[in-house]
file run-v9.cif (mmCIF, C-alpha atoms and all ligand atoms)
data_structure
#
loop_
_atom_site.label_atom_id
_atom_site.label_comp_id
_atom_site.auth_asym_id
_atom_site.auth_seq_id
_atom_site.Cartn_x
_atom_site.Cartn_y
_atom_site.Cartn_z
CA MET A 1 -68.20 88.77 77.90
CA SER A 2 -71.03 86.29 78.32
CA LEU A 3 -73.20 86.61 81.40
CA PHE A 4 -76.06 84.11 81.55
CA GLU A 5 -73.72 81.59 79.89
CA HIS A 6 -70.88 82.33 82.35
CA LYS A 7 -69.61 79.11 83.99
CA ALA A 8 -69.98 80.56 87.50
CA TYR A 9 -73.39 82.21 86.86
CA ASN A 10 -75.48 79.14 87.55
CA GLN A 11 -78.46 79.72 89.80
CA HIS A 12 -77.56 83.28 90.76
CA GLU A 13 -80.67 85.28 91.62
CA HIS A 14 -79.36 88.72 90.91
CA VAL A 15 -76.20 90.33 89.60
CA ALA A 16 -75.98 94.13 89.59
CA PHE A 17 -73.35 96.40 88.02
CA PHE A 18 -72.74 99.94 89.16
CA GLN A 19 -70.61 102.79 87.89
CA HIS A 20 -70.18 106.17 89.55
CA LYS A 21 -68.22 108.43 87.26
CA SER A 22 -67.05 111.19 89.60
CA SER A 23 -65.62 108.87 92.28
CA GLY A 24 -64.40 106.27 89.77
CA LEU A 25 -66.38 103.46 91.45
CA LYS A 26 -66.93 100.38 89.32
CA ALA A 27 -68.54 97.61 91.32
CA ILE A 28 -70.52 94.39 91.01
CA ILE A 29 -72.84 92.85 93.60
CA ALA A 30 -73.75 89.19 93.13
CA ILE A 31 -76.59 87.59 95.05
CA HIS A 32 -76.52 83.83 94.77
CA ASN A 33 -79.47 82.68 96.86
CA THR A 34 -81.79 84.30 99.40
CA ASN A 35 -84.12 81.39 100.27
CA LEU A 36 -82.81 81.34 103.83
CA GLY A 37 -82.63 85.12 104.29
CA PRO A 38 -80.95 88.25 102.92
CA SER A 39 -77.57 87.62 101.37
CA LEU A 40 -74.51 88.57 103.40
CA GLY A 41 -70.92 88.70 102.23
CA GLY A 42 -67.82 90.82 102.15
CA CYS A 43 -66.91 93.58 99.73
CA ARG A 44 -63.53 92.96 98.11
CA MET A 45 -61.47 95.68 96.41
CA TRP A 46 -58.91 94.31 94.02
CA PRO A 47 -57.08 95.57 90.90
CA TYR A 48 -58.74 93.03 88.59
CA SER A 49 -57.16 92.96 85.17
CA SER A 50 -60.57 92.80 83.47
CA SER A 51 -64.26 93.06 84.28
CA GLU A 52 -64.56 89.39 83.34
CA GLU A 53 -62.06 88.49 86.08
CA ALA A 54 -64.01 90.60 88.60
CA LEU A 55 -67.29 88.97 87.56
CA THR A 56 -65.86 85.46 87.90
CA ASP A 57 -64.53 86.27 91.37
CA VAL A 58 -67.77 87.79 92.66
CA LEU A 59 -69.90 84.94 91.29
CA ARG A 60 -67.71 82.27 92.88
CA LEU A 61 -67.48 84.09 96.19
CA SER A 62 -71.21 84.76 96.47
CA LYS A 63 -72.06 81.13 95.74
CA GLY A 64 -69.58 80.07 98.44
CA MET A 65 -71.38 82.30 100.95
CA SER A 66 -74.69 80.46 100.36
CA TYR A 67 -72.98 77.20 101.34
CA LYS A 68 -71.22 78.74 104.33
CA ALA A 69 -74.36 80.41 105.74
CA ALA A 70 -76.48 77.29 105.24
CA MET A 71 -74.01 75.01 107.03
CA ALA A 72 -73.66 77.52 109.88
CA ASN A 73 -77.46 77.40 110.38
CA LEU A 74 -77.81 81.11 109.67
CA LYS A 75 -80.97 82.69 108.32
CA LEU A 76 -78.85 84.28 105.63
CA GLY A 77 -78.22 83.79 101.95
CA GLY A 78 -75.06 84.13 99.89
CA GLY A 79 -73.87 87.35 98.33
CA LYS A 80 -70.65 89.22 97.72
CA SER A 81 -69.46 92.43 96.11
CA VAL A 82 -66.30 93.52 94.36
CA ILE A 83 -64.88 96.94 93.57
CA ILE A 84 -62.53 97.06 90.63
CA GLY A 85 -59.47 99.09 91.68
CA ASP A 86 -56.30 99.18 93.73
CA PRO A 87 -57.16 99.53 97.44
CA ARG A 88 -53.79 101.19 98.16
CA LYS A 89 -54.31 103.92 95.56
CA GLY A 90 -57.76 104.74 94.21
CA LYS A 91 -59.86 104.41 97.39
CA THR A 92 -61.67 107.56 98.55
CA ASP A 93 -64.55 108.38 100.88
CA ASP A 94 -66.59 109.49 97.84
CA MET A 95 -66.12 106.04 96.38
CA MET A 96 -67.20 104.37 99.62
CA LEU A 97 -70.27 106.63 99.82
CA ALA A 98 -71.18 105.68 96.25
CA MET A 99 -70.74 102.01 97.20
CA GLY A 100 -73.10 102.62 100.12
CA ASP A 101 -75.69 103.99 97.66
CA PHE A 102 -75.24 100.90 95.49
CA VAL A 103 -75.79 98.52 98.44
CA GLN A 104 -78.81 100.55 99.58
CA SER A 105 -80.36 100.43 96.10
CA LEU A 106 -80.91 96.68 96.50
CA GLY A 107 -83.19 97.33 99.46
CA GLY A 108 -81.56 94.89 101.90
CA LYS A 109 -81.28 91.84 99.64
CA TYR A 110 -77.50 92.21 100.10
CA ILE A 111 -75.73 93.05 103.38
CA CYS A 112 -72.16 94.18 102.98
CA ALA A 113 -69.20 93.24 105.25
CA GLU A 114 -65.38 93.47 105.08
CA ASP A 115 -63.13 91.51 102.77
CA SER A 116 -59.64 92.02 101.27
CA GLY A 117 -58.96 95.65 100.55
CA ILE A 118 -61.94 96.98 102.54
CA SER A 119 -61.51 98.01 106.16
CA VAL A 120 -63.93 98.63 109.03
CA ASP A 121 -63.38 102.38 108.46
CA ASN A 122 -64.39 102.02 104.80
CA LEU A 123 -67.56 100.22 105.86
CA LYS A 124 -68.34 102.96 108.35
CA VAL A 125 -68.27 105.45 105.46
CA MET A 126 -70.57 103.20 103.39
CA ALA A 127 -72.89 102.95 106.38
CA ARG A 128 -73.59 106.68 106.11
CA ARG A 129 -75.55 105.83 102.96
CA THR A 130 -76.87 102.35 103.64
CA ASP A 131 -78.66 100.47 106.41
CA TYR A 132 -77.09 97.27 105.12
CA ALA A 133 -73.43 97.49 106.16
CA SER A 134 -72.27 94.92 108.76
CA GLY A 135 -69.15 94.60 110.82
CA THR A 136 -68.97 98.32 111.62
CA GLU A 137 -69.31 97.76 115.34
CA ALA A 138 -69.24 94.86 117.76
CA LYS A 139 -71.18 94.67 121.00
CA PHE A 140 -69.59 91.54 122.46
CA ARG A 141 -66.91 88.92 121.90
CA TYR A 142 -67.58 85.18 122.02
CA ASP A 143 -65.45 84.82 125.18
CA GLY A 144 -66.75 87.92 126.93
CA GLY A 145 -63.54 89.88 126.21
CA PRO A 146 -63.50 93.39 124.72
CA ALA A 147 -64.98 93.41 121.20
CA ASP A 148 -63.29 95.40 118.46
CA GLY A 149 -65.30 94.20 115.45
CA ASN A 150 -62.56 91.93 114.12
CA PRO A 151 -64.16 88.55 113.29
CA ALA A 152 -60.79 86.69 113.44
CA PRO A 153 -61.09 85.65 117.14
CA SER A 154 -64.45 83.98 116.39
CA THR A 155 -63.09 82.38 113.24
CA ALA A 156 -60.08 81.02 115.11
CA TYR A 157 -62.26 79.66 117.93
CA GLY A 158 -64.51 77.93 115.38
CA VAL A 159 -61.50 76.37 113.66
CA PHE A 160 -60.19 75.21 117.04
CA VAL A 161 -63.54 73.62 117.95
CA GLY A 162 -63.78 71.99 114.50
CA LEU A 163 -60.20 70.72 114.62
CA LYS A 164 -60.87 69.16 118.01
CA ALA A 165 -63.99 67.40 116.64
CA ALA A 166 -61.98 66.07 113.67
CA VAL A 167 -59.20 64.74 115.92
CA ARG A 168 -61.78 63.14 118.22
CA TYR A 169 -63.48 61.47 115.20
CA LYS A 170 -60.38 60.31 113.35
CA LEU A 171 -57.88 59.65 116.14
CA ASN A 172 -60.25 59.14 119.08
CA SER A 173 -58.11 61.51 121.10
CA ASP A 174 -58.10 64.91 122.74
CA LEU A 175 -55.43 67.42 121.71
CA ARG A 176 -52.83 66.62 124.37
CA GLY A 177 -49.63 65.56 122.58
CA ILE A 178 -51.21 65.88 119.11
CA THR A 179 -48.95 67.62 116.57
CA VAL A 180 -50.54 70.34 114.43
CA ALA A 181 -48.77 71.94 111.45
CA ILE A 182 -50.07 75.47 110.87
CA GLN A 183 -49.54 77.17 107.51
CA GLY A 184 -49.79 80.94 108.08
CA LEU A 185 -49.67 82.65 111.48
CA GLY A 186 -51.86 85.66 110.66
CA HIS A 187 -54.99 86.94 112.39
CA VAL A 188 -56.58 83.50 112.53
CA GLY A 189 -53.56 81.17 112.48
CA TYR A 190 -51.85 82.78 115.45
CA ARG A 191 -55.00 82.69 117.58
CA LEU A 192 -55.54 79.08 116.60
CA ALA A 193 -51.98 78.31 117.75
CA GLU A 194 -52.78 79.92 121.10
CA HIS A 195 -55.87 77.72 121.64
CA LEU A 196 -54.01 74.58 120.61
CA HIS A 197 -51.05 75.33 122.86
CA HIS A 198 -53.38 75.78 125.84
CA GLU A 199 -54.87 72.34 125.16
CA GLY A 200 -51.45 70.69 125.10
CA ALA A 201 -50.92 70.28 121.35
CA LYS A 202 -47.42 70.46 119.84
CA LEU A 203 -47.00 73.00 117.06
CA ILE A 204 -45.05 73.14 113.82
CA VAL A 205 -45.51 76.50 112.11
CA THR A 206 -44.56 78.52 109.07
CA ASP A 207 -45.17 81.94 107.56
CA ILE A 208 -43.57 84.03 104.85
CA PHE A 209 -42.97 86.80 107.45
CA PRO A 210 -40.84 86.13 110.55
CA ASP A 211 -42.61 88.37 113.12
CA ASN A 212 -45.20 85.94 114.41
CA LEU A 213 -42.89 82.94 114.01
CA ASP A 214 -40.46 84.28 116.61
CA LYS A 215 -43.37 84.93 118.98
CA ALA A 216 -44.74 81.40 118.44
CA VAL A 217 -41.34 79.87 119.26
CA GLU A 218 -41.08 81.92 122.42
CA GLN A 219 -44.69 81.58 123.63
CA PHE A 220 -45.64 78.09 122.46
CA GLY A 221 -42.30 76.33 121.94
CA ALA A 222 -43.33 75.90 118.29
CA LYS A 223 -40.96 74.38 115.73
CA VAL A 224 -40.52 76.48 112.58
CA VAL A 225 -40.18 75.07 109.06
CA LYS A 226 -39.91 76.71 105.62
CA PRO A 227 -43.19 77.65 103.88
CA GLY A 228 -42.65 75.03 101.16
CA GLU A 229 -42.28 72.23 103.74
CA ILE A 230 -45.24 72.64 106.07
CA HIS A 231 -47.74 70.43 104.23
CA ALA A 232 -45.27 67.55 104.21
CA VAL A 233 -44.11 67.50 107.83
CA GLN A 234 -44.81 64.56 110.12
CA ALA A 235 -47.90 65.80 111.98
CA ASP A 236 -51.32 64.54 113.05
CA VAL A 237 -53.13 67.60 111.67
CA PHE A 238 -52.38 69.98 108.81
CA ALA A 239 -54.06 73.37 109.32
CA PRO A 240 -53.98 75.60 106.21
CA CYS A 241 -54.46 79.18 107.46
CA ALA A 242 -52.85 81.20 104.67
CA LEU A 243 -54.04 81.29 101.07
CA GLY A 244 -56.35 79.04 99.07
CA ALA A 245 -55.45 75.90 97.10
CA ALA A 246 -53.06 74.46 99.73
CA ILE A 247 -54.29 71.02 98.64
CA ASN A 248 -53.29 70.66 95.04
CA ASP A 249 -51.67 68.24 92.58
CA ASP A 250 -48.19 69.08 93.89
CA SER A 251 -48.92 68.90 97.62
CA ILE A 252 -51.52 66.17 98.00
CA ASP A 253 -49.27 63.12 97.82
CA ASN A 254 -46.83 64.55 100.35
CA ILE A 255 -49.35 65.26 103.09
CA LYS A 256 -48.61 62.93 106.02
CA ALA A 257 -51.25 64.23 108.44
CA GLY A 258 -54.39 62.15 108.91
CA VAL A 259 -56.56 65.25 109.42
CA ILE A 260 -56.80 68.54 107.50
CA ALA A 261 -58.54 71.28 109.45
CA GLY A 262 -57.74 74.95 108.92
CA ALA A 263 -59.13 78.42 108.31
CA ALA A 264 -58.20 79.18 104.71
CA ASN A 265 -60.95 79.59 102.12
CA ASN A 266 -60.97 77.33 99.05
CA GLN A 267 -58.38 74.88 100.38
CA LEU A 268 -59.02 72.33 97.61
CA ALA A 269 -57.47 73.51 94.34
CA GLU A 270 -60.06 71.39 92.46
CA ASP A 271 -63.17 69.51 93.62
CA HIS A 272 -61.59 66.15 92.81
CA HIS A 273 -58.91 66.76 95.46
CA GLY A 274 -61.65 66.11 98.05
CA ASP A 275 -62.12 62.60 96.58
CA ARG A 276 -58.36 62.05 96.53
CA LEU A 277 -58.14 62.92 100.24
CA LYS A 278 -60.88 60.40 101.01
CA ASP A 279 -59.10 57.71 98.98
CA LYS A 280 -55.89 58.43 100.90
CA GLY A 281 -57.71 58.06 104.23
CA ILE A 282 -57.21 61.72 105.17
CA LEU A 283 -60.13 63.31 107.03
CA TYR A 284 -60.82 66.75 105.54
CA ALA A 285 -62.89 69.30 107.47
CA PRO A 286 -64.60 71.30 104.66
CA ASP A 287 -63.26 74.85 104.74
CA TYR A 288 -66.50 76.79 104.60
CA VAL A 289 -67.90 74.75 107.49
CA ILE A 290 -64.92 75.02 109.84
CA ASN A 291 -64.14 78.69 109.13
CA ALA A 292 -67.70 80.04 109.61
CA GLY A 293 -67.02 81.56 113.07
CA GLY A 294 -66.51 85.03 111.56
CA VAL A 295 -69.81 85.13 109.69
CA ILE A 296 -71.60 83.68 112.73
CA ASP A 297 -70.12 86.57 114.74
CA ILE A 298 -71.33 89.18 112.23
CA TYR A 299 -74.80 87.60 112.30
CA HIS A 300 -75.05 87.81 116.09
CA GLN A 301 -73.77 91.39 116.16
CA ARG A 302 -76.69 92.37 113.89
CA MET A 303 -79.36 91.09 116.25
CA GLU A 304 -80.27 91.09 119.94
CA SER A 305 -77.83 88.44 121.09
CA SER A 306 -75.08 87.86 123.64
CA ALA A 307 -71.55 86.53 124.01
CA ASP A 308 -72.98 83.23 125.33
CA ASN A 309 -75.30 82.74 122.36
CA LEU A 310 -72.48 83.56 119.98
CA ARG A 311 -70.08 81.11 121.66
CA GLN A 312 -72.66 78.30 121.65
CA HIS A 313 -73.42 78.91 117.99
CA ILE A 314 -69.72 78.75 117.10
CA GLU A 315 -69.32 75.57 119.13
CA GLY A 316 -72.01 74.01 116.93
CA ILE A 317 -69.36 73.85 114.18
CA GLY A 318 -67.93 70.77 115.93
CA ASP A 319 -71.28 68.92 115.78
CA THR A 320 -71.91 69.92 112.17
CA LEU A 321 -68.50 68.56 111.18
CA THR A 322 -69.10 65.32 113.07
CA ASP A 323 -72.41 64.88 111.15
CA ILE A 324 -70.52 65.39 107.90
CA PHE A 325 -67.84 62.85 108.89
CA VAL A 326 -70.45 60.23 109.83
CA ARG A 327 -72.43 60.76 106.62
CA SER A 328 -69.23 60.64 104.56
CA ALA A 329 -68.38 57.24 106.06
CA GLU A 330 -71.93 55.91 105.64
CA GLU A 331 -72.23 57.04 102.03
CA ASN A 332 -68.57 56.40 101.14
CA LYS A 333 -68.30 59.92 99.75
CA ALA A 334 -65.76 62.72 100.24
CA THR A 335 -66.53 65.06 103.15
CA SER A 336 -66.42 67.98 100.69
CA SER A 337 -69.18 66.40 98.52
CA VAL A 338 -71.27 65.55 101.57
CA ALA A 339 -71.01 69.14 102.88
CA ASN A 340 -71.98 70.55 99.47
CA LYS A 341 -75.02 68.29 99.32
CA MET A 342 -76.12 69.12 102.87
CA ALA A 343 -75.77 72.86 102.20
CA GLU A 344 -77.73 72.61 98.93
CA GLU A 345 -80.50 70.65 100.68
CA ARG A 346 -80.79 73.52 103.15
CA PHE A 347 -80.61 76.57 100.92
CA LEU A 348 -82.62 75.14 98.02
CA SER A 349 -85.48 74.15 100.32
CA GLY A 350 -85.14 77.37 102.37
CA CYS A 351 -85.16 75.58 105.74
P1 LIG B 1 -53.93 87.02 107.42
O1 LIG B 1 -53.56 87.74 106.18
O2 LIG B 1 -53.95 87.77 108.71
O3 LIG B 1 -52.95 85.78 107.64
C1 LIG B 1 -52.47 84.98 106.62
C2 LIG B 1 -51.03 84.65 106.98
O4 LIG B 1 -50.52 83.72 106.03
C3 LIG B 1 -50.10 85.86 106.95
O5 LIG B 1 -49.34 85.93 108.14
C4 LIG B 1 -49.23 85.61 105.72
O6 LIG B 1 -47.93 86.15 105.87
C5 LIG B 1 -49.20 84.10 105.68
N1 LIG B 1 -48.90 83.54 104.37
C6 LIG B 1 -49.23 84.00 103.15
N2 LIG B 1 -48.75 83.18 102.19
C7 LIG B 1 -48.13 82.16 102.84
C8 LIG B 1 -47.46 81.01 102.40
N3 LIG B 1 -47.31 80.73 101.11
N4 LIG B 1 -46.93 80.18 103.32
C9 LIG B 1 -47.05 80.45 104.64
N5 LIG B 1 -47.69 81.54 105.12
C10 LIG B 1 -48.21 82.39 104.22
O7 LIG B 1 -55.34 86.35 107.12
P2 LIG B 1 -56.34 85.73 108.19
O8 LIG B 1 -57.39 86.72 108.48
O9 LIG B 1 -55.56 85.09 109.28
O10 LIG B 1 -57.03 84.60 107.29
C11 LIG B 1 -56.33 83.40 107.00
C12 LIG B 1 -57.16 82.57 106.02
O11 LIG B 1 -58.44 82.29 106.61
C13 LIG B 1 -57.46 83.26 104.69
O12 LIG B 1 -57.53 82.28 103.69
C14 LIG B 1 -58.86 83.83 104.91
O13 LIG B 1 -59.56 83.99 103.69
C15 LIG B 1 -59.48 82.75 105.76
N6 LIG B 1 -60.58 83.24 106.58
C16 LIG B 1 -60.37 84.25 107.47
C17 LIG B 1 -61.42 84.70 108.25
C18 LIG B 1 -61.23 85.80 109.26
O14 LIG B 1 -62.12 86.00 110.12
N7 LIG B 1 -60.11 86.53 109.25
C19 LIG B 1 -62.71 84.13 108.11
C20 LIG B 1 -62.88 83.06 107.22
C21 LIG B 1 -61.81 82.64 106.45
#
call {"tool": "encode", "arguments": {"input": "run-v9.cif", "output": "structure tokens", "more": "lines below"}}
Ligand code: NAD
result
Amino acid sequence: MSLFEHKAYNQHEHVAFFQHKSSGLKAIIAIHNTNLGPSLGGCRMWPYSSSEEALTDVLRLSKGMSYKAAMANLKLGGGKSVIIGDPRKGKTDDMMLAMGDFVQSLGGKYICAEDSGISVDNLKVMARRTDYASGTEAKFRYDGGPADGNPAPSTAYGVFVGLKAAVRYKLNSDLRGITVAIQGLGHVGYRLAEHLHHEGAKLIVTDIFPDNLDKAVEQFGAKVVKPGEIHAVQADVFAPCALGAAINDDSIDNIKAGVIAGAANNQLAEDHHGDRLKDKGILYAPDYVINAGGVIDIYHQRMESSADNLRQHIEGIGDTLTDIFVRSAEENKATSSVANKMAEERFLSGC
């Protein structure tokens, strides 16, 4: 396995490997860039089929966090960690304690949060051994409601604010009577549906599990379609809120919406799909900009802040997106390329 030559290695500051024999922990921490501040990113536990696969994942994810933090105006860099293993089987407290030691050994250059396969309870165990575990407690919620540490409400609110800015820019309209097609009614998608319904939007929804669909029909009068149809329905906005790569070679020519604005990470299967969207006249809200509400929440929970400060910071997502849309039109470039360039300008200069 090559390391310095690895395609995803470029510009990483630090990659650390850790093995703890008695607990079975095998983990990698990747720190992409810390010019703006210590790196923050989730710890993912996944049964990777090889260490190469785990390395590729952690390098890509940590780089993505540098872009997300920079565009959210956070004094944070990009980092991520992965544990190689099946979260439903091999996870023990000993393993989480060893992971805490690993995080601590980097002296605060990496701050760990939740990701797939790692729960708040797992992080609380890590936090017994490290000062650099985030998302273990929440002091406030962006809307003043009871905080439980789940970043999804903040993420959903950020996506809602960003979607509204995109509709205002592209359609010169508020959300009343606008049709939004939501792919995936999970933690974020369902809350997004709630916000949109309250603002008078019409909803078309899908999920691979029926539970939330029935609720959305009852509570929001949503129309349900099959998972394979959602991207192609007649709607003003397509909101991918399930898995990555919703915009790909198979789906892109069938998208009828004029705006794409959703929570999912890595919505473009390939970079060139951003250019294709621009050529088709579809306004794309770059994923790591619109879905930054969760990381903004974690940031505020770590410092002396308040629900008001958090809410205002999340609402800034709308302005950031509008800047991207304006610059994309001025420079005749895809919104995804413009966002990448703006993020790089910020984290490479460190301000
Ligand atoms: P979730 O697992 O709670 O919800 C995802 C939903 O999508 C589930 O209900 C699932 O059944 C459904 N789904 C899966 N495959 C589908 C398919 N092919 N078609 C339709 N529905 C499908 O996850 P979440 O926390 O709501 O996150 C949603 C997306 O947003 C993910 O891509 C996640 O990485 C991203 N994201 C989440 C947060 C957060 O704070 N939770 C922050 C940033 C980004």
call {"tool": "closest_residue", "arguments": {"input": "run-v9.cif", "among": "A:Val103, A:Leu61, A:Ile118, A:Ala264", "to": "Arg88 in chain A", "atoms": "only C-alpha atoms"}}
result
A:Ile118
call {"tool": "residues_near_ligand", "arguments": {"input": "run-v9.cif", "ligand": "ligand LIG 1 (chain B)", "cutoff": "6 Å", "atoms": "only C-alpha atoms and all ligand atoms", "output": "PyMOL selection string"}}
result
chain A and resi 151-152+155+183-189+206-209+227+241-244+263-265+291+294
call {"tool": "residues_near_point", "arguments": {"input": "run-v9.cif", "point": "(-52.6, 67.3, 116.4)", "cutoff": "9 Å", "atoms": "all atoms listed in the file", "output": "PyMOL selection string"}}
result
chain A and resi 163-164+167+174-181+196+201-203+235-238+257+259
call {"tool": "closest_residue", "arguments": {"input": "run-v9.cif", "among": "A:Met126, A:Ala245, A:Ala8, A:Val82", "to": "Asp101 in chain A", "atoms": "all atoms listed in the file"}}
result
A:Met126
call {"tool": "closest_residue", "arguments": {"input": "run-v9.cif", "among": "A:Ser81, A:Ala222, A:Lys124, A:Asp115", "to": "Met96 in chain A", "atoms": "only C-alpha atoms"}}
result
A:Lys124
call {"tool": "residues_around", "arguments": {"input": "run-v9.cif", "residues": "Tyr132 in chain A", "least_positions_apart": "4", "cutoff": "12 Å", "atoms": "only C-alpha atoms", "output": "ChimeraX atom specification"}}
result
/A:38-42,99-113,123-124,126-128,136,302
call {"tool": "write_last_selection", "arguments": {"input": "run-v9.cif", "atoms": "C-alpha atoms", "output": "tab-separated table (two decimals), in the frame of the given file"}}
result
chain	number	residue	atom	x	y	z
A	38	PRO	CA	-80.95	88.25	102.92
A	39	SER	CA	-77.57	87.62	101.37
A	40	LEU	CA	-74.51	88.57	103.40
A	41	GLY	CA	-70.92	88.70	102.23
A	42	GLY	CA	-67.82	90.82	102.15
A	99	MET	CA	-70.74	102.01	97.20
A	100	GLY	CA	-73.10	102.62	100.12
A	101	ASP	CA	-75.69	103.99	97.66
A	102	PHE	CA	-75.24	100.90	95.49
A	103	VAL	CA	-75.79	98.52	98.44
A	104	GLN	CA	-78.81	100.55	99.58
A	105	SER	CA	-80.36	100.43	96.10
A	106	LEU	CA	-80.91	96.68	96.50
A	107	GLY	CA	-83.19	97.33	99.46
A	108	GLY	CA	-81.56	94.89	101.90
A	109	LYS	CA	-81.28	91.84	99.64
A	110	TYR	CA	-77.50	92.21	100.10
A	111	ILE	CA	-75.73	93.05	103.38
A	112	CYS	CA	-72.16	94.18	102.98
A	113	ALA	CA	-69.20	93.24	105.25
A	123	LEU	CA	-67.56	100.22	105.86
A	124	LYS	CA	-68.34	102.96	108.35
A	126	MET	CA	-70.57	103.20	103.39
A	127	ALA	CA	-72.89	102.95	106.38
A	128	ARG	CA	-73.59	106.68	106.11
A	136	THR	CA	-68.97	98.32	111.62
A	302	ARG	CA	-76.69	92.37	113.89
call {"tool": "residues_around", "arguments": {"input": "run-v9.cif", "residues": "Lys68 in chain A", "least_positions_apart": "4", "cutoff": "9 Å", "atoms": "only C-alpha atoms", "output": "number ranges by chain"}}
result
A: 63-64, 72-74, 77-78, 287-289, 291-292, 295, 343
call {"tool": "write_last_selection", "arguments": {"input": "run-v9.cif", "atoms": "C-alpha atoms", "output": "JSON list (two decimals), in the coordinates of the input"}}
result
[["chain", "number", "residue", "atom", "x", "y", "z"],
["A", 63, "LYS", "CA", -72.06, 81.13, 95.74],
["A", 64, "GLY", "CA", -69.58, 80.07, 98.44],
["A", 72, "ALA", "CA", -73.66, 77.52, 109.88],
["A", 73, "ASN", "CA", -77.46, 77.40, 110.38],
["A", 74, "LEU", "CA", -77.81, 81.11, 109.67],
["A", 77, "GLY", "CA", -78.22, 83.79, 101.95],
["A", 78, "GLY", "CA", -75.06, 84.13, 99.89],
["A", 287, "ASP", "CA", -63.26, 74.85, 104.74],
["A", 288, "TYR", "CA", -66.50, 76.79, 104.60],
["A", 289, "VAL", "CA", -67.90, 74.75, 107.49],
["A", 291, "ASN", "CA", -64.14, 78.69, 109.13],
["A", 292, "ALA", "CA", -67.70, 80.04, 109.61],
["A", 295, "VAL", "CA", -69.81, 85.13, 109.69],
["A", 343, "ALA", "CA", -75.77, 72.86, 102.20]]
call {"tool": "atom_distance", "arguments": {"input": "run-v9.cif", "atom1": "CA of Met95 in chain A", "atom2": "CA of Asn122 in chain A"}}
result
9.5 Å
call {"tool": "closest_residue", "arguments": {"input": "run-v9.cif", "among": "A:Val338, A:Val205, A:Ile28, A:Asp297", "to": "Val326 in chain A", "atoms": "all atoms listed in the file"}}
result
A:Val338
call {"tool": "decode", "arguments": {"input": "run-v9.cif", "residues": "range 336-340 of chain A", "atoms": "all heavy atoms", "output": "compact mmCIF listing (two decimals), in the first residue's frame"}}
result
# COMPACT_ATOMS: atom_id res chain seq x y z
N SER A 336 -20.15 24.17 -7.27
CA SER A 336 -19.26 23.26 -6.53
C SER A 336 -17.80 23.71 -6.67
O SER A 336 -17.04 23.69 -5.69
CB SER A 336 -19.45 21.82 -7.01
OG SER A 336 -19.41 21.77 -8.42
N SER A 337 -17.40 24.15 -7.87
CA SER A 337 -16.01 24.60 -8.06
C SER A 337 -15.78 25.90 -7.31
O SER A 337 -14.72 26.10 -6.71
CB SER A 337 -15.70 24.87 -9.54
OG SER A 337 -16.10 23.81 -10.32
N VAL A 338 -16.77 26.79 -7.35
CA VAL A 338 -16.63 28.08 -6.66
C VAL A 338 -16.47 27.84 -5.16
O VAL A 338 -15.60 28.43 -4.51
CB VAL A 338 -17.85 28.98 -6.95
CG1 VAL A 338 -17.88 30.19 -6.04
CG2 VAL A 338 -17.85 29.42 -8.40
N ALA A 339 -17.29 26.95 -4.60
CA ALA A 339 -17.21 26.67 -3.15
C ALA A 339 -15.85 26.08 -2.81
O ALA A 339 -15.22 26.48 -1.81
CB ALA A 339 -18.33 25.71 -2.73
N ASN A 340 -15.36 25.16 -3.63
CA ASN A 340 -14.04 24.56 -3.36
C ASN A 340 -12.96 25.64 -3.33
O ASN A 340 -12.10 25.66 -2.45
CB ASN A 340 -13.66 23.55 -4.45
CG ASN A 340 -14.46 22.26 -4.33
OD1 ASN A 340 -15.11 22.04 -3.32
ND2 ASN A 340 -14.43 21.44 -5.37
